[in-house]
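Right, one structure below, let's go through it.
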2 protein chains.
Amino acid sequence: MEPRTARPTAPHDHDRCIADALDMAEAVCAKSGARLTPLRRRVLELVWNSHRPVGAYAILDELREGDRGAAPPTVYRALDFLLEQGLIHRIESLNAFVGCDHPEDRHVSQFLICTNCNAAVEIDDRGIANAVKKSAAEAGFSVSRFTIELQGTCPACAAKAA
Amino acid sequence: MEPRTARPTAPHDHDRCIADALDMAEAVCAKSGARLTPLRRRVLELVWNSHRPVGAYAILDELREGDRGAAPPTVYRALDFLLEQGLIHRIESLNAFVGCDHPEDRHVSQFLICTNCNAAVEIDDRGIANAVKKSAAEAGFSVSRFTIELQGTCPACAAKAA
DNA sequence: TTCACCACAAATATATTATAACAACATAAT
DNA sequence: ATTATGTTGTTATAATATATTTGTGGTGAA
């Protein structure tokens, strides 16, 4: 079986992606002793509505459909929590957020972001991680946060364009 | 001779960094036929005031000391121009800008950003660039824009902390 | 039970970063 | 000189993010 998000734009049972993500989130929080409150759970669900990075204010708009009182801090606090738990990642080059499909293990992730369909695929390439760590080590630099984001055209969009 | 920005926090003749950057900018623009106007030149100079990434509004504040009428678009347009010419880079994880010390050749750059002293060093590691390109190629993904930013502690700050 | 605590969330205001839209001006090419 | 083009000025506003203060509800200790 290929990874669930290998081709997020291909037809797939996305409800399953969401359900799995929520199940994993419950497990992660149970383990860490953190509380996945209904609000936090709801925000995670909204992040997972697609495989595209989604902005905080887009989440806020959706949240407001059910909760009129929601305000920016409502969303940002929930996002901060989800980031801390490793349940989502922040895409710096887009100021947006995307779900993590393997929050259980620590990882240095990289993202392939299609500028055509906006899908973001998280990859976990050992070669990249090692090259980056090696280079930093050679410079005597101790890395605490990795931001590796590649923008371009995904195979599906390249095929369509041809 | 080691690269000029290998240890930007070490004492060095920073006026020389600025002068060199401006000279290179003149050369790059002469070659590309672009116009390095006084305003653009001034903004580049302000970006180069340090080896730390600097925000657009910080530049704007400095710009206003000499030019009362400066407004956000004044700065952003100049920054866009400098980015197009490859004279500066944008640090996505900081929403800030830093000078490029070798604008003459195309490169996939990476940044080591110290969260203590805020210095950003541009490295040009073949190993990282190759690993990234290889991984993207394997995924059939065509990359047009690379964002590789490593935050952590630089050797100088690590030494001081010890 | 009841109180004290504390994490969570609500509510309001504001800070920070970035762009849209249009007018005025300068430059270079013809 | 005239025109096309690129640059800058100006005003307004959009988009993203945080500070701060107050309320609220669940949990455990007494």
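Labels used: A, B, ... for chains in the order of the structure tokens, numbers from 1 for residues in each chain, and numbers from 1 for ligands as shown.
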Problem set entry | alpha helix (DSSP H) call set, DSSP backbone run, range 36-132 of chain B, as a VMD selection string | chain B and resid 38 to 47 56 to 66 72 to 84 126 to 132
request  = as a list in words, please: all residues of range 77-106 of chain B that backbone DSSP puts in strand (DSSP E).
outcome  = Ile88, His89, Arg90, Ile91, Ala96, Phe97, Val98 and Gly99 of chain B
Surrounding residues of DC6 in chain C excluding itself and chain neighbours under 5 positions, 12 Å, only C-alpha atoms (C1' of nucleotides), as a PyMOL selection string: chain D and resi 24-28
Can you work out which residues from chain A touch chain D at a cut-off of 10 Å (counting only C-alpha atoms (C1' of nucleotides)) and hand them back as a ChimeraX atom specification? /A:55-57,72-73,76,95-96
Using 9 Å as the limit and counting only C-alpha atoms (C1' of nucleotides), can you tabulate each residue of chain C that touches chain B, with its shortest atom-to-atom distance in Å and the two atoms involved, as a tab-separated table?
residue	atom	partner	partner_atom	distance
C:DT16	C1'	B:Tyr57	CA	8.6
C:DT17	C1'	B:Asn95	CA	7.8
C:DA18	C1'	B:Tyr76	CA	8.1
C:DT19	C1'	B:Pro73	CA	8.1
Can I get the residues of chain B within 8 Å of chain A, each with the closest pair of atoms and their distance in Å to one decimal, using only C-alpha atoms, sorted chain first then ascending number, as JSON lines?
{"residue": "B:Glu92", "atom": "CA", "partner": "A:Ser93", "partner_atom": "CA", "distance": 5.2}
{"residue": "B:Ser93", "atom": "CA", "partner": "A:Glu92", "partner_atom": "CA", "distance": 5.2}
{"residue": "B:Leu112", "atom": "CA", "partner": "A:Phe141", "partner_atom": "CA", "distance": 7.5}
{"residue": "B:Asp125", "atom": "CA", "partner": "A:Ser135", "partner_atom": "CA", "distance": 7.0}
{"residue": "B:Gly127", "atom": "CA", "partner": "A:Ala131", "partner_atom": "CA", "distance": 5.7}
{"residue": "B:Ile128", "atom": "CA", "partner": "A:Ala131", "partner_atom": "CA", "distance": 5.1}
{"residue": "B:Ala131", "atom": "CA", "partner": "A:Ile128", "partner_atom": "CA", "distance": 5.0}
{"residue": "B:Val132", "atom": "CA", "partner": "A:Ile128", "partner_atom": "CA", "distance": 5.8}
{"residue": "B:Ser135", "atom": "CA", "partner": "A:Asp125", "partner_atom": "CA", "distance": 7.0}
{"residue": "B:Ala136", "atom": "CA", "partner": "A:Leu112", "partner_atom": "CA", "distance": 7.6}
{"residue": "B:Ala139", "atom": "CA", "partner": "A:Pro155", "partner_atom": "CA", "distance": 7.7}
{"residue": "B:Gly140", "atom": "CA", "partner": "A:Pro155", "partner_atom": "CA", "distance": 5.3}
{"residue": "B:Phe141", "atom": "CA", "partner": "A:Cys154", "partner_atom": "CA", "distance": 4.8}
{"residue": "B:Ser142", "atom": "CA", "partner": "A:Thr153", "partner_atom": "CA", "distance": 5.2}
{"residue": "B:Val143", "atom": "CA", "partner": "A:Gly152", "partner_atom": "CA", "distance": 4.2}
{"residue": "B:Ser144", "atom": "CA", "partner": "A:Gly152", "partner_atom": "CA", "distance": 4.8}
{"residue": "B:Arg145", "atom": "CA", "partner": "A:Gln151", "partner_atom": "CA", "distance": 5.0}
{"residue": "B:Phe146", "atom": "CA", "partner": "A:Leu150", "partner_atom": "CA", "distance": 4.9}
{"residue": "B:Thr147", "atom": "CA", "partner": "A:Glu149", "partner_atom": "CA", "distance": 5.0}
{"residue": "B:Ile148", "atom": "CA", "partner": "A:Ile148", "partner_atom": "CA", "distance": 4.5}
{"residue": "B:Glu149", "atom": "CA", "partner": "A:Thr147", "partner_atom": "CA", "distance": 5.0}
{"residue": "B:Leu150", "atom": "CA", "partner": "A:Phe146", "partner_atom": "CA", "distance": 4.9}
{"residue": "B:Gln151", "atom": "CA", "partner": "A:Arg145", "partner_atom": "CA", "distance": 5.0}
{"residue": "B:Gly152", "atom": "CA", "partner": "A:Val143", "partner_atom": "CA", "distance": 4.2}
{"residue": "B:Thr153", "atom": "CA", "partner": "A:Ser142", "partner_atom": "CA", "distance": 5.2}
{"residue": "B:Cys154", "atom": "CA", "partner": "A:Phe141", "partner_atom": "CA", "distance": 4.8}
{"residue": "B:Pro155", "atom": "CA", "partner": "A:Gly140", "partner_atom": "CA", "distance": 5.3}
Output of the above residues as a compact mmCIF listing (two decimals), in the first residue's frame, restricted to N, CA and C atoms:
# COMPACT_ATOMS: atom_id res chain seq x y z
N GLU B 92 11.40 33.15 4.41
CA GLU B 92 9.97 32.91 4.58
C GLU B 92 9.59 32.73 6.03
N SER B 93 10.45 32.07 6.78
CA SER B 93 10.07 31.77 8.16
C SER B 93 10.14 32.99 9.06
N LEU B 112 21.17 29.38 7.36
CA LEU B 112 21.34 29.01 8.77
C LEU B 112 21.01 30.27 9.56
N ASP B 125 25.14 24.56 -0.28
CA ASP B 125 25.63 23.21 -0.11
C ASP B 125 25.15 22.31 -1.25
N GLY B 127 25.46 19.16 -1.50
CA GLY B 127 24.84 17.93 -0.99
C GLY B 127 23.35 18.13 -0.75
N ILE B 128 23.01 19.26 -0.14
CA ILE B 128 21.59 19.53 0.12
C ILE B 128 20.86 19.74 -1.20
N ALA B 131 20.40 16.47 -2.99
CA ALA B 131 19.45 15.57 -2.32
C ALA B 131 18.02 16.03 -2.57
N VAL B 132 17.83 17.33 -2.51
CA VAL B 132 16.51 17.89 -2.71
C VAL B 132 16.04 17.67 -4.16
N SER B 135 15.26 13.97 -4.77
CA SER B 135 14.01 13.53 -4.15
C SER B 135 12.81 14.04 -4.92
N ALA B 136 12.87 15.29 -5.34
CA ALA B 136 11.76 15.86 -6.11
C ALA B 136 11.61 15.13 -7.44
N ALA B 139 9.88 11.95 -7.20
CA ALA B 139 8.44 12.11 -7.02
C ALA B 139 7.78 12.67 -8.28
N GLY B 140 8.59 12.91 -9.30
CA GLY B 140 8.04 13.46 -10.54
C GLY B 140 7.63 14.91 -10.39
N PHE B 141 8.21 15.55 -9.40
CA PHE B 141 7.83 16.92 -9.07
C PHE B 141 8.87 17.88 -9.63
N SER B 142 8.41 18.87 -10.35
CA SER B 142 9.31 19.85 -10.95
C SER B 142 9.36 21.11 -10.10
N VAL B 143 10.52 21.35 -9.50
CA VAL B 143 10.62 22.44 -8.51
C VAL B 143 11.02 23.76 -9.15
N SER B 144 10.31 24.80 -8.80
CA SER B 144 10.68 26.12 -9.33
C SER B 144 11.17 27.04 -8.22
N ARG B 145 10.87 26.70 -7.00
CA ARG B 145 11.27 27.58 -5.91
C ARG B 145 11.63 26.76 -4.67
N PHE B 146 12.82 27.03 -4.17
CA PHE B 146 13.34 26.27 -3.04
C PHE B 146 13.34 27.13 -1.78
N THR B 147 12.78 26.63 -0.73
CA THR B 147 12.84 27.33 0.56
C THR B 147 13.45 26.38 1.57
N ILE B 148 14.69 26.66 1.94
CA ILE B 148 15.39 25.78 2.88
C ILE B 148 16.00 26.65 3.96
N GLU B 149 15.37 26.63 5.12
CA GLU B 149 15.77 27.52 6.20
C GLU B 149 15.93 26.73 7.48
N LEU B 150 17.11 26.82 8.06
CA LEU B 150 17.39 26.06 9.28
C LEU B 150 17.59 27.02 10.42
N GLN B 151 16.74 26.92 11.42
CA GLN B 151 16.90 27.80 12.57
C GLN B 151 17.54 27.04 13.71
N GLY B 152 18.35 27.74 14.47
CA GLY B 152 19.02 27.10 15.59
C GLY B 152 20.04 28.04 16.20
N THR B 153 21.15 27.47 16.64
CA THR B 153 22.17 28.26 17.33
C THR B 153 23.48 28.20 16.56
N CYS B 154 24.01 29.38 16.28
CA CYS B 154 25.27 29.44 15.54
C CYS B 154 26.44 29.13 16.48
N PRO B 155 27.59 28.77 15.93
CA PRO B 155 28.73 28.38 16.75
C PRO B 155 29.12 29.48 17.74
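CA of Ile18 in chain A is found 6.5 Å from CA of Glu45 in chain A.
Across the model, the gap from CA of Leu87 in chain A to CA of Pro103 in chain A is 5.3 Å.
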Do you know which residues are at most 9 Å from Leu79 in chain A counting only C-alpha atoms (C1' of nucleotides), after dropping those on the same chain fewer than 5 positions away, and could you put them as an mmCIF file with C-alpha atoms, in the first residue's frame?
data_model
loop_
_atom_site.group_PDB
_atom_site.id
_atom_site.type_symbol
_atom_site.label_atom_id
_atom_site.label_comp_id
_atom_site.auth_asym_id
_atom_site.auth_seq_id
_atom_site.Cartn_x
_atom_site.Cartn_y
_atom_site.Cartn_z
ATOM 1 C CA ARG A 40 -9.127 21.755 18.867
ATOM 2 C CA VAL A 43 -9.930 22.895 13.932
ATOM 3 C CA LEU A 44 -7.866 19.830 13.123
ATOM 4 C CA ALA A 56 -5.889 30.610 9.660
ATOM 5 C CA THR A 74 -9.722 31.048 18.876
ATOM 6 C CA GLU A 84 2.954 21.646 19.558
ATOM 7 C CA ILE A 88 -0.160 19.811 11.865
ATOM 8 C CA PHE A 97 -1.237 24.976 7.813
#
One residue among B:Gly86, B:Val75, B:Ile59, B:Arg64 is nearest to Ser32 in chain B when using only C-alpha atoms, and that residue is B:Gly86
Practice item. Please provide as a ChimeraX atom specification all residues within 8 Å of Ala21 in chain B, with the sequence filter that same-chain residues fewer than 4 positions apart are discarded (counting only C-alpha atoms (C1' of nucleotides)). Key: /B:17,25,48,99-101
Write a file of the selected residues as a short mmCIF file (atom, residue, chain, number, x, y, z; two decimals), in the first residue's frame, keeping C-alpha atoms.
data_model
loop_
_atom_site.label_atom_id
_atom_site.label_comp_id
_atom_site.auth_asym_id
_atom_site.auth_seq_id
_atom_site.Cartn_x
_atom_site.Cartn_y
_atom_site.Cartn_z
CA CYS B 17 30.31 44.17 2.75
CA ALA B 25 24.29 45.09 -7.73
CA TRP B 48 22.72 45.16 3.89
CA GLY B 99 21.23 40.44 1.08
CA CYS B 100 22.69 37.87 -1.27
CA ASP B 101 26.46 37.93 -1.42
#
